[in-house]
>>> print(open('coords_24.cif').read())   # mmCIF, C-alpha atoms
data_data
loop_
_atom_site.label_atom_id
_atom_site.label_comp_id
_atom_site.auth_asym_id
_atom_site.auth_seq_id
_atom_site.Cartn_x
_atom_site.Cartn_y
_atom_site.Cartn_z
CA MET A 28 92.97 91.38 132.12
CA LYS A 29 93.04 92.27 128.42
CA ILE A 30 95.20 90.09 126.17
CA LEU A 31 95.89 91.14 122.60
CA ILE A 32 96.54 88.23 120.22
CA ALA A 33 98.14 89.47 116.98
CA PRO A 34 99.87 86.60 115.12
CA ASP A 35 100.82 86.09 111.50
CA SER A 36 99.71 82.89 109.77
CA PHE A 37 101.46 79.58 110.36
CA LYS A 38 102.39 78.72 106.79
CA ASP A 39 100.92 75.45 105.45
CA CYS A 40 99.01 75.05 108.70
CA LEU A 41 96.65 77.83 109.83
CA SER A 42 95.65 81.34 108.84
CA ALA A 43 96.42 84.19 111.21
CA LYS A 44 92.77 84.17 112.22
CA GLY A 45 92.91 80.45 112.93
CA VAL A 46 96.03 80.88 115.06
CA ALA A 47 94.46 83.69 117.08
CA ARG A 48 91.25 81.73 117.66
CA ALA A 49 93.10 78.63 118.83
CA LEU A 50 95.25 80.58 121.29
CA ALA A 51 92.21 82.45 122.62
CA LYS A 52 90.28 79.20 123.07
CA GLY A 53 93.10 77.71 125.11
CA ILE A 54 93.47 80.80 127.29
CA ARG A 55 89.73 81.05 127.98
CA SER A 56 89.55 77.37 128.96
CA ILE A 57 91.63 78.27 132.02
CA LEU A 58 90.83 81.97 132.47
CA PRO A 59 87.24 82.38 131.19
CA ASP A 60 86.97 86.00 132.29
CA VAL A 61 90.02 87.21 130.36
CA ASP A 62 89.24 89.63 127.53
CA CYS A 63 91.03 88.24 124.43
CA ILE A 64 91.23 90.75 121.60
CA MET A 65 92.17 89.12 118.28
CA VAL A 66 93.91 91.13 115.55
CA PRO A 67 95.12 88.66 112.88
CA MET A 68 98.13 90.18 111.15
CA ALA A 69 100.08 89.93 107.89
CA ASP A 70 102.98 91.73 106.24
CA GLY A 71 101.52 92.34 102.78
CA GLY A 72 101.98 88.79 101.49
CA GLU A 73 99.68 85.81 101.60
CA GLY A 74 96.90 86.29 104.14
CA THR A 75 96.85 90.08 103.94
CA VAL A 76 93.34 90.26 102.51
CA GLU A 77 91.94 87.93 105.14
CA SER A 78 93.67 89.81 107.97
CA VAL A 79 92.31 93.19 106.92
CA ILE A 80 88.82 91.82 106.32
CA ASP A 81 88.79 90.21 109.76
CA ALA A 82 90.15 93.28 111.52
CA THR A 83 87.73 95.72 109.88
CA ARG A 84 84.70 93.45 109.42
CA GLY A 85 85.05 93.90 105.71
CA LYS A 86 84.04 91.71 102.78
CA ARG A 87 85.73 89.53 100.19
CA ILE A 88 85.11 90.24 96.50
CA GLU A 89 85.49 87.32 94.09
CA LEU A 90 85.90 87.77 90.34
CA LYS A 91 87.47 86.41 87.18
CA VAL A 92 90.76 87.90 85.95
CA LEU A 93 93.58 86.86 83.65
CA ASP A 94 96.42 84.89 85.20
CA PRO A 95 100.13 85.44 84.39
CA LEU A 96 99.71 83.56 81.09
CA MET A 97 96.57 85.56 80.19
CA ARG A 98 94.15 82.73 80.96
CA GLU A 99 90.95 83.31 82.85
CA THR A 100 91.17 82.36 86.52
CA ASP A 101 89.28 82.87 89.77
CA SER A 102 90.64 85.65 91.96
CA PHE A 103 89.68 87.87 94.87
CA TYR A 104 90.43 90.97 96.93
CA GLY A 105 88.96 92.60 100.02
CA ILE A 106 87.18 95.79 101.01
CA THR A 107 87.31 97.17 104.54
CA GLY A 108 84.19 97.39 106.66
CA ASP A 109 83.74 101.11 105.98
CA GLY A 110 83.81 100.48 102.22
CA GLU A 111 86.55 103.04 101.65
CA THR A 112 89.67 100.89 101.20
CA ALA A 113 90.47 97.89 99.01
CA VAL A 114 93.20 95.43 99.95
CA ILE A 115 94.76 93.38 97.15
CA GLU A 116 97.32 90.60 96.99
CA MET A 117 98.89 90.72 93.53
CA ALA A 118 99.67 87.02 93.87
CA ALA A 119 95.94 86.34 93.67
CA ALA A 120 96.09 87.34 90.00
CA SER A 121 99.75 87.33 88.94
CA GLY A 122 101.34 84.95 91.42
CA ILE A 123 103.82 82.18 90.80
CA GLU A 124 101.62 79.67 92.63
CA LEU A 125 99.05 80.01 89.84
CA LEU A 126 101.45 78.33 87.42
CA LYS A 127 102.79 74.80 87.15
CA ARG A 128 106.55 74.61 87.39
CA ASP A 129 106.96 73.99 83.65
CA GLU A 130 104.76 77.01 82.86
CA ARG A 131 106.99 79.53 84.63
CA ASP A 132 108.45 81.91 82.04
CA PRO A 133 109.03 85.60 82.92
CA TRP A 134 109.59 86.34 79.24
CA ILE A 135 105.82 86.01 78.70
CA THR A 136 104.14 86.27 82.13
CA SER A 137 102.09 89.41 82.75
CA THR A 138 100.76 91.53 85.62
CA TYR A 139 97.60 92.32 83.62
CA GLY A 140 95.38 90.51 86.13
CA THR A 141 96.67 92.70 88.95
CA GLY A 142 95.52 95.73 86.99
CA GLN A 143 92.11 94.11 86.61
CA LEU A 144 91.85 93.74 90.39
CA ILE A 145 92.71 97.42 90.82
CA LYS A 146 90.13 98.44 88.22
CA ASP A 147 87.39 96.38 89.86
CA ALA A 148 88.21 97.94 93.23
CA LEU A 149 87.81 101.38 91.67
CA ASP A 150 84.43 100.25 90.33
CA GLN A 151 83.45 99.50 93.94
CA GLY A 152 83.98 103.17 94.78
CA VAL A 153 87.11 102.90 96.91
CA ARG A 154 89.62 105.71 96.86
CA LYS A 155 92.39 103.99 98.78
CA ILE A 156 94.09 100.76 97.79
CA LEU A 157 96.51 98.67 99.83
CA LEU A 158 98.46 96.38 97.53
CA GLY A 159 100.77 93.55 98.57
CA ILE A 160 103.22 92.57 95.84
CA GLY A 161 104.91 89.40 97.08
CA GLY A 162 104.95 86.06 95.29
CA SER A 163 104.89 87.22 91.68
CA ALA A 164 105.46 85.14 88.54
CA THR A 165 106.33 88.19 86.44
CA ASN A 166 109.15 90.40 85.21
CA ASP A 167 107.26 92.96 83.11
CA GLY A 168 107.92 96.12 85.14
CA GLY A 169 104.20 96.48 85.79
CA ALA A 170 103.46 97.13 82.12
CA GLY A 171 100.68 94.55 82.05
CA MET A 172 99.07 96.10 85.13
CA ALA A 173 99.25 99.54 83.48
CA GLN A 174 97.64 98.24 80.29
CA ALA A 175 94.66 96.89 82.22
CA LEU A 176 94.13 100.42 83.54
CA GLY A 177 94.30 102.11 80.14
CA VAL A 178 97.98 102.83 79.50
CA ARG A 179 99.08 102.03 75.93
CA PHE A 180 102.52 101.17 74.62
CA SER A 181 103.71 101.39 71.04
CA GLY A 182 106.75 100.62 68.88
CA LYS A 183 107.77 100.88 65.24
CA PHE A 184 104.66 99.10 63.97
CA GLY A 185 101.98 100.50 66.27
CA ASN A 186 100.48 99.44 69.57
CA ILE A 187 102.21 96.62 71.47
CA PRO A 188 100.35 94.42 73.96
CA VAL A 189 103.01 93.83 76.60
CA HIS A 190 102.56 90.21 77.65
CA GLY A 191 105.72 89.66 79.64
CA GLY A 192 109.17 91.10 80.14
CA GLY A 193 110.25 90.02 76.66
CA ALA A 194 108.19 92.72 74.97
CA LEU A 195 109.64 95.66 76.92
CA GLY A 196 112.63 95.98 74.61
CA GLU A 197 110.36 96.72 71.64
CA LEU A 198 108.66 99.72 73.25
CA GLU A 199 109.25 103.25 72.00
CA GLN A 200 106.34 105.27 73.33
CA ILE A 201 104.20 105.34 76.48
CA HIS A 202 100.66 106.72 76.06
CA MET A 203 99.05 107.85 79.31
CA GLU A 204 96.02 109.72 77.97
CA ASP A 205 93.60 106.80 78.50
CA LEU A 206 94.74 105.90 82.02
CA ASP A 207 91.68 105.43 84.23
CA PRO A 208 91.05 108.96 85.56
CA ARG A 209 89.99 107.63 88.95
CA ILE A 210 93.63 106.76 89.65
CA LYS A 211 94.41 110.43 90.25
CA GLN A 212 91.85 110.54 93.07
CA THR A 213 93.04 107.30 94.66
CA GLU A 214 95.77 106.78 97.25
CA ILE A 215 97.72 103.62 96.50
CA LEU A 216 100.00 102.16 99.18
CA VAL A 217 102.20 99.22 98.31
CA ALA A 218 103.50 96.66 100.80
CA CYS A 219 107.07 96.11 99.73
CA ASP A 220 109.58 94.52 102.09
CA VAL A 221 112.50 94.16 99.70
CA SER A 222 114.87 96.97 98.76
CA ASN A 223 116.08 95.72 95.37
CA PRO A 224 116.55 98.31 92.62
CA LEU A 225 114.94 97.67 89.24
CA THR A 226 118.05 96.53 87.35
CA GLY A 227 121.63 95.39 87.83
CA PRO A 228 123.15 92.59 89.96
CA GLN A 229 120.63 93.17 92.75
CA GLY A 230 117.74 93.96 90.42
CA ALA A 231 114.48 92.19 89.66
CA SER A 232 115.78 89.96 86.87
CA ALA A 233 119.08 88.88 88.43
CA VAL A 234 117.77 88.13 91.92
CA TYR A 235 114.28 86.80 91.28
CA GLY A 236 114.27 85.83 87.59
CA PRO A 237 115.73 82.32 88.07
CA GLN A 238 113.04 81.24 90.53
CA LYS A 239 110.44 82.37 87.98
CA GLY A 240 111.89 80.20 85.25
CA ALA A 241 114.60 82.36 83.65
CA ASN A 242 117.96 80.89 82.66
CA GLU A 243 121.15 82.95 82.71
CA LYS A 244 120.76 84.18 79.14
CA MET A 245 117.14 85.20 79.69
CA VAL A 246 118.07 87.01 82.91
CA GLN A 247 120.48 89.21 80.96
CA LYS A 248 117.87 90.01 78.31
CA LEU A 249 115.19 90.75 80.87
CA ASP A 250 117.54 93.08 82.72
CA ARG A 251 118.34 94.99 79.51
CA ASN A 252 114.64 95.27 78.74
CA LEU A 253 113.86 96.67 82.18
CA LEU A 254 116.72 99.14 81.81
CA HIS A 255 115.25 100.25 78.47
CA PHE A 256 111.79 100.50 80.05
CA ALA A 257 113.11 102.63 82.91
CA GLY A 258 114.70 104.96 80.33
CA LEU A 259 111.34 105.46 78.60
CA ILE A 260 109.69 106.19 81.94
CA ARG A 261 112.39 108.72 82.78
CA ASP A 262 112.37 110.45 79.38
CA GLN A 263 108.61 110.43 78.72
CA LEU A 264 107.04 110.52 82.19
CA GLY A 265 109.77 112.44 84.00
CA LYS A 266 110.14 109.81 86.74
CA GLU A 267 113.40 108.17 87.73
CA VAL A 268 112.34 104.81 89.15
CA SER A 269 115.26 102.48 88.56
CA GLU A 270 117.07 103.10 91.87
CA ILE A 271 114.07 103.44 94.16
CA PRO A 272 114.40 100.86 96.97
CA GLY A 273 111.81 98.23 96.15
CA ALA A 274 111.56 99.14 92.47
CA GLY A 275 112.63 95.62 91.62
CA ALA A 276 109.97 93.95 93.75
CA ALA A 277 107.58 91.61 91.92
CA GLY A 278 109.61 91.72 88.70
CA GLY A 279 109.64 95.50 88.60
CA LEU A 280 105.99 95.97 89.53
CA GLY A 281 107.19 98.24 92.35
CA ALA A 282 108.69 100.59 89.74
CA GLY A 283 105.60 100.38 87.54
CA LEU A 284 103.23 101.25 90.36
CA VAL A 285 105.26 104.35 91.17
CA ALA A 286 105.63 105.33 87.52
CA PHE A 287 102.05 104.86 86.34
CA LEU A 288 99.89 105.13 89.47
CA ASP A 289 101.96 107.46 91.70
CA ALA A 290 101.91 104.73 94.34
CA ARG A 291 103.94 104.86 97.55
CA LEU A 292 106.08 101.90 98.57
CA MET A 293 106.20 101.12 102.29
CA LYS A 294 106.91 98.32 104.74
CA GLY A 295 104.17 95.73 104.71
CA PHE A 296 103.84 95.47 108.46
CA ASP A 297 103.48 99.24 108.84
CA MET A 298 100.72 99.28 106.24
CA ILE A 299 98.69 96.47 107.80
CA ALA A 300 99.25 97.74 111.35
CA GLY A 301 97.83 101.08 110.29
CA VAL A 302 94.63 99.73 108.77
CA THR A 303 93.99 97.28 111.63
CA GLY A 304 94.56 99.90 114.34
CA LEU A 305 97.13 97.63 115.97
CA GLU A 306 99.00 100.30 117.93
CA GLY A 307 95.87 101.52 119.67
CA GLN A 308 94.95 97.96 120.62
CA ILE A 309 98.42 97.36 122.06
CA ARG A 310 98.23 100.55 124.08
CA GLU A 311 95.11 99.25 125.85
CA ALA A 312 96.33 95.67 126.39
CA ASP A 313 97.93 94.14 129.47
CA LEU A 314 99.70 91.38 127.54
CA VAL A 315 100.54 90.92 123.85
CA ILE A 316 100.84 87.54 122.10
CA THR A 317 102.18 87.23 118.58
CA GLY A 318 103.89 84.57 116.50
CA GLU A 319 104.41 82.78 113.18
CA GLY A 320 105.27 79.33 111.88
CA LYS A 321 109.01 79.66 112.45
CA MET A 322 110.82 82.17 114.62
CA ASP A 323 114.58 82.68 114.52
CA ALA A 324 117.09 85.52 114.45
CA GLN A 325 115.79 86.50 110.99
CA THR A 326 112.41 87.34 112.52
CA ARG A 327 113.77 90.79 113.36
CA PHE A 328 114.11 91.67 109.67
CA GLY A 329 110.65 92.91 108.83
CA LYS A 330 108.62 89.94 110.05
CA THR A 331 105.22 90.50 111.64
CA PRO A 332 106.04 89.22 115.17
CA PHE A 333 108.99 91.58 115.41
CA GLY A 334 106.85 94.53 114.36
CA VAL A 335 104.26 93.63 116.98
CA ALA A 336 106.95 93.28 119.64
CA GLN A 337 108.42 96.67 118.82
CA LEU A 338 105.07 98.39 119.23
CA ALA A 339 104.49 96.54 122.50
CA ARG A 340 107.92 97.60 123.73
CA LYS A 341 107.03 101.20 122.93
CA TYR A 342 104.20 101.01 125.48
CA GLY A 343 105.96 98.78 128.00
CA LYS A 344 103.76 95.75 127.37
CA PRO A 345 105.03 92.20 127.94
CA VAL A 346 105.20 90.08 124.77
CA ILE A 347 104.97 86.35 124.21
CA GLY A 348 106.10 84.94 120.87
CA VAL A 349 104.57 81.62 119.81
CA ALA A 350 106.06 79.54 116.99
CA GLY A 351 105.54 76.22 115.32
CA THR A 352 109.33 75.91 115.21
CA LEU A 353 111.71 77.85 117.43
CA GLU A 354 115.26 77.84 116.10
CA GLU A 355 118.30 77.96 118.39
CA ASP A 356 119.26 81.49 117.37
CA ALA A 357 115.80 82.80 118.29
CA SER A 358 117.19 83.69 121.73
CA ALA A 359 118.51 86.88 120.11
CA LEU A 360 114.90 88.10 120.12
CA TYR A 361 114.94 88.39 123.91
CA GLU A 362 117.07 91.50 123.52
CA LEU A 363 114.60 92.97 121.02
CA GLY A 364 111.31 93.17 122.86
CA PHE A 365 110.20 89.58 123.51
CA ASP A 366 109.72 88.42 127.10
CA LEU A 367 108.91 84.77 126.39
CA LEU A 368 109.31 82.54 123.32
CA MET A 369 107.20 79.40 123.22
CA PRO A 370 107.26 76.58 120.64
CA ILE A 371 104.00 74.69 120.22
CA GLN A 372 105.61 71.33 119.38
CA GLU A 373 105.23 68.61 121.99
CA LYS A 374 106.96 65.82 120.07
CA PRO A 375 110.57 66.73 119.21
CA GLY A 376 111.15 67.02 115.48
CA ASP A 377 107.66 65.79 114.50
CA LEU A 378 106.82 68.52 111.98
CA GLU A 379 104.17 66.50 110.15
CA PHE A 380 102.24 65.96 113.37
CA SER A 381 102.46 69.66 114.20
CA LEU A 382 101.16 70.73 110.80
CA LYS A 383 98.19 68.36 111.03
CA ASN A 384 97.38 69.29 114.61
CA GLY A 385 98.34 72.96 114.69
CA ALA A 386 95.06 74.22 116.14
CA TRP A 387 95.12 71.69 118.97
CA LEU A 388 98.77 72.43 119.78
CA LEU A 389 98.07 76.16 119.81
CA GLU A 390 95.13 75.62 122.16
CA ARG A 391 97.44 73.67 124.46
CA SER A 392 99.96 76.51 124.29
CA GLY A 393 97.22 78.97 125.20
CA GLU A 394 96.30 76.80 128.18
CA ARG A 395 99.91 76.77 129.42
CA MET A 396 100.13 80.56 129.11
CA ALA A 397 96.91 80.94 131.08
CA ARG A 398 98.10 78.57 133.82
CA LEU A 399 101.28 80.60 134.11
CA LEU A 400 99.27 83.81 134.37
CA ALA A 401 97.06 82.26 137.03
CA MET A 402 99.96 81.26 139.25
CA LYS A 403 100.31 83.12 142.50
CA ILE A 404 104.02 83.80 142.76
#
>>> encode(input="coords_24.cif", output="structure tokens")
Amino acid sequence: MKILIAPDSFKDCLSAKGVARALAKGIRSILPDVDCIMVPMADGGEGTVESVIDATRGKRIELKVLDPLMRETDSFYGITGDGETAVIEMAAASGIELLKRDERDPWITSTYGTGQLIKDALDQGVRKILLGIGGSATNDGGAGMAQALGVRFSGKFGNIPVHGGGALGELEQIHMEDLDPRIKQTEILVACDVSNPLTGPQGASAVYGPQKGANEKMVQKLDRNLLHFAGLIRDQLGKEVSEIPGAGAAGGLGAGLVAFLDARLMKGFDMIAGVTGLEGQIREADLVITGEGKMDAQTRFGKTPFGVAQLARKYGKPVIGVAGTLEEDASALYELGFDLLMPIQEKPGDLEFSLKNGAWLLERSGERMARLLAMKI
């Protein structure tokens, strides 16, 4: 029997790789001859680099970049085993978790460090970049990222270093002549699982600005600045980006990546499934196991386990979903491709215990699955 184990991470507990290993260990303790194939998954957010590295036997690149407040910080990205593709989490350079709560200020936070990660990946010789843009601290429309790659911006008094969304309103000209020429030979795919436009009531500033430190007055100013920025992009670059679904992701970085790098926005799961070869692995499996920290009715909206289940359903493969917490409304997932949902908790409501002992509980869950498979019914 071949069992494919393709979970997402269990947030605050285990990486996707750790989850897969624990489940496989439990299964093999009962069924030692079972072939467990592990494909740790992600959806473009935290853990994406590790998942792709693990799946392709790639390598992790560590380097110094500038954080959202333009301070030097340690960062990283990954390169696939064939050396042809880089995978980047923008949060590793421009993420909100890099700032203390009282430092969060989208008026001055920049995506410059994300551009530095892209540039270093180009230096490594890759010509394809997978970029996850969740968890940002910024609202600069990707202007900082573009500057790191050679784009210049100017206003009435000359060049303007755009350090944050507050500077966008001062811009009058976009200068593309010094953009890194390697960009034109590079395919850039962006994992973007939100559909927000750049501006307006559902735009980057209004929806995500407050959690990044913006008050109501700042939100209004940031929105006007992004609207002005989109107008410059339209008039000077000939690209209408403001209404593209996902343009407002990561404080408008989605729009900036399309405008300056000709990037393509796509669903995070689809991107990671493609690079890990997930569909082919599912086609060859007898059973598929997936999961994440919490599973509920919302799991069907772009979450990794749902994507795995849909591919398994395509090939008629049974699917088990494993979760740290299984909410009451998760039963809706039985109509959407899951055959069995299994919580790992053994002590009702004891979340702290589960977080501390996640690997052990997952092993125990793997054992129970294997005992069920071994039953002669």
>>> closest_residue(input="coords_24.cif", among="A:Thr141, A:Gln200, A:Gln151, A:Ser163", to="Leu259 in chain A", atoms="all atoms listed in the file")
A:Gln200
>>> residues_around(input="coords_24.cif", residues="range 118-132 of chain A", least_positions_apart="3", cutoff="7 Å", atoms="all atoms listed in the file", output="list in words")
Val92, Leu93, Asp94, Pro95, Ser102, Phe103, Ile135, Thr136, Ser137, Thr138, Gly140, Thr141, Ile160, Gly161, Gly162, Ser163, Ala164, Lys239, Gly240 and Ala241 of chain A
>>> atom_distance(input="coords_24.cif", atom1="CA of Val66 in chain A", atom2="CA of Thr83 in chain A")
9.6 Å
>>> resolve_selection(input="coords_24.cif", expression="the PyMOL selection byres ((chain A and resi 177-184) around 9)", output="ChimeraX atom specification")
/A:170,172-176,185-189,197-207,287
>>> closest_residue(input="coords_24.cif", among="A:Glu355, A:Asp262, A:Asp62, A:Asp35", to="Glu311 in chain A", atoms="all atoms listed in the file")
A:Asp62
>>> closest_residue(input="coords_24.cif", among="A:Gly45, A:Gly159, A:Gly110, A:Gly275", to="Val76 in chain A", atoms="all atoms listed in the file")
A:Gly159
>>> atom_distance(input="coords_24.cif", atom1="CA of Thr326 in chain A", atom2="CA of Leu400 in chain A")
25.7 Å
>>> residues_around(input="coords_24.cif", residues="Glu373 in chain A", least_positions_apart="2", cutoff="12 Å", atoms="only C-alpha atoms", output="PDB file with C-alpha atoms, in the frame of the given file")
ATOM      1  CA  GLY A 351     105.540  76.220 115.320  1.00  0.00           C
ATOM      2  CA  THR A 352     109.330  75.910 115.210  1.00  0.00           C
ATOM      3  CA  MET A 369     107.200  79.400 123.220  1.00  0.00           C
ATOM      4  CA  PRO A 370     107.260  76.580 120.640  1.00  0.00           C
ATOM      5  CA  ILE A 371     104.000  74.690 120.220  1.00  0.00           C
ATOM      6  CA  PRO A 375     110.570  66.730 119.210  1.00  0.00           C
ATOM      7  CA  GLY A 376     111.150  67.020 115.480  1.00  0.00           C
ATOM      8  CA  ASP A 377     107.660  65.790 114.500  1.00  0.00           C
ATOM      9  CA  LEU A 378     106.820  68.520 111.980  1.00  0.00           C
ATOM     10  CA  PHE A 380     102.240  65.960 113.370  1.00  0.00           C
ATOM     11  CA  SER A 381     102.460  69.660 114.200  1.00  0.00           C
ATOM     12  CA  ASN A 384      97.380  69.290 114.610  1.00  0.00           C
ATOM     13  CA  GLY A 385      98.340  72.960 114.690  1.00  0.00           C
ATOM     14  CA  TRP A 387      95.120  71.690 118.970  1.00  0.00           C
ATOM     15  CA  LEU A 388      98.770  72.430 119.780  1.00  0.00           C
ATOM     16  CA  LEU A 389      98.070  76.160 119.810  1.00  0.00           C
ATOM     17  CA  ARG A 391      97.440  73.670 124.460  1.00  0.00           C
ATOM     18  CA  SER A 392      99.960  76.510 124.290  1.00  0.00           C
TER      19      SER A 392
END
>>> resolve_selection(input="coords_24.cif", expression="the PyMOL selection byres ((chain A and resi 155) around 7)", output="number ranges by chain")
A: 111-113, 153-154, 156-157, 213-215
>>> closest_residue(input="coords_24.cif", among="A:Ala324, A:Leu314, A:Leu382, A:Leu225", to="Gly281 in chain A", atoms="all atoms listed in the file")
A:Leu225
>>> residues_around(input="coords_24.cif", residues="Gly295 in chain A", least_positions_apart="4", cutoff="8 Å", atoms="all atoms listed in the file", output="PyMOL selection string")
chain A and resi 69-72+159+217-220+299
>>> decode(input="coords_24.cif", residues="range 287-309 of chain A", atoms="C-alpha atoms", output="short mmCIF file (atom, residue, chain, number, x, y, z; two decimals), in the first residue's frame")
data_model
loop_
_atom_site.label_atom_id
_atom_site.label_comp_id
_atom_site.auth_asym_id
_atom_site.auth_seq_id
_atom_site.Cartn_x
_atom_site.Cartn_y
_atom_site.Cartn_z
CA PHE A 287 6.82 46.47 -12.40
CA LEU A 288 7.75 42.79 -12.82
CA ASP A 289 4.93 41.49 -15.08
CA ALA A 290 4.18 38.91 -12.38
CA ARG A 291 1.16 36.62 -12.45
CA LEU A 292 -1.08 36.31 -9.41
CA MET A 293 -2.45 32.84 -8.67
CA LYS A 294 -3.85 30.70 -5.87
CA GLY A 295 -1.16 29.71 -3.42
CA PHE A 296 -2.14 26.06 -3.23
CA ASP A 297 -2.10 25.70 -7.02
CA MET A 298 1.39 27.18 -7.16
CA ILE A 299 2.87 24.94 -4.48
CA ALA A 300 1.06 21.84 -5.76
CA GLY A 301 2.62 22.44 -9.15
CA VAL A 302 6.20 22.71 -7.94
CA THR A 303 5.91 19.74 -5.57
CA GLY A 304 4.32 17.47 -8.19
CA LEU A 305 1.45 16.76 -5.81
CA GLU A 306 -1.10 15.66 -8.42
CA GLY A 307 1.18 12.98 -9.82
CA GLN A 308 1.86 11.66 -6.32
CA ILE A 309 -1.86 11.50 -5.57
#
